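Asker: Questions regarding the structure given below will be posed in turn.
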Amino acid sequence: MKIDNLCKSLQLYYYLAFLLFFAVAFLFSAFIKNPLFELGSNIAIILQSIGILYTIISIPLSLWLFNQKLKKLKTETLAQNFYKRIWLLRLIFISFGVILNVLLFYILKDLSMLYAAAIAAIAFIFCKPTMIKIENDFSIFDEQNEQGKEE
């Protein structure tokens with residue numbers, strides 16, 4: 001698989017996740033008009049905590065795991081399939097945070113959930129696949145080959 005084909009397939013997944021955000025927001029805005037839980041209730045506090053903690057933990061953890069797994073790749077031929085898997089895993093972690101917080105916003109009608117969704121959406125935007133980013137990620141192989149020749 002060439003890098004440009006990899007980039008196109010990753011962009012397809014990226015935009016599908018983007019469409020999923022809008023579908024969830026549209027469906028829940030149409031069906032849930034009033035909050036399901038009062039903001040001071042125990043359930044609301046637990047749901048708020050889950051949404052915010054997931055966002056705070058998932059973004060740096062998914063970015064760090066992606067970077068660590070990328071460093072462990074050895075050959076470029078096997079790397080493209082593995083790269084696609086770890087990239088999709090990162091996308092799933094971050095996009096789940098956006099969707100979770102949008103759902104919690106409509107369930108609780110609490111603006112802090114919308115802020116948490118916006119933070120996760122910003123992280124999602126930074127994960128957009130481009131040829132330059134993918135080529136930079138695959139430049140690790142050139143660096144590893146140069147280090148292997150020096151040693």
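Chain labels follow the order of the structure tokens: the first chain is A, the next B, and so on; residue numbering restarts at 1 in every chain, and ligands are counted from 1 in their shown order.
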Do you know which residues are at most 7 Å from Ile94 (chain A) counting only C-alpha atoms, after dropping those on the same chain fewer than 4 positions away, and could you put them as a count of residues only?

Answerer: 6

Asker: Have a look at CA of Asp137 (chain A) and CA of Ala17 (chain A) and let me know their distance in Å, one decimal.

Answerer: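 Distance reported for this atom pair: 21.9 Å.
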
Asker: Closest to Glu135 (chain A) among A:Phe18, A:Leu61, A:Gln80, A:Ile45, using only C-alpha atoms?

Answerer: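 Result for the nearest residue to Glu135 (chain A): A:Gln80.
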
Asker: So the first atom is CA of Ala44 (chain A) and the second is CA of Asn101 (chain A); what is the distance between them in Å, to one decimal place?

Answerer: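 So the two atoms, CA of Ala44 (chain A) and CA of Asn101 (chain A), lie 12.7 Å apart.
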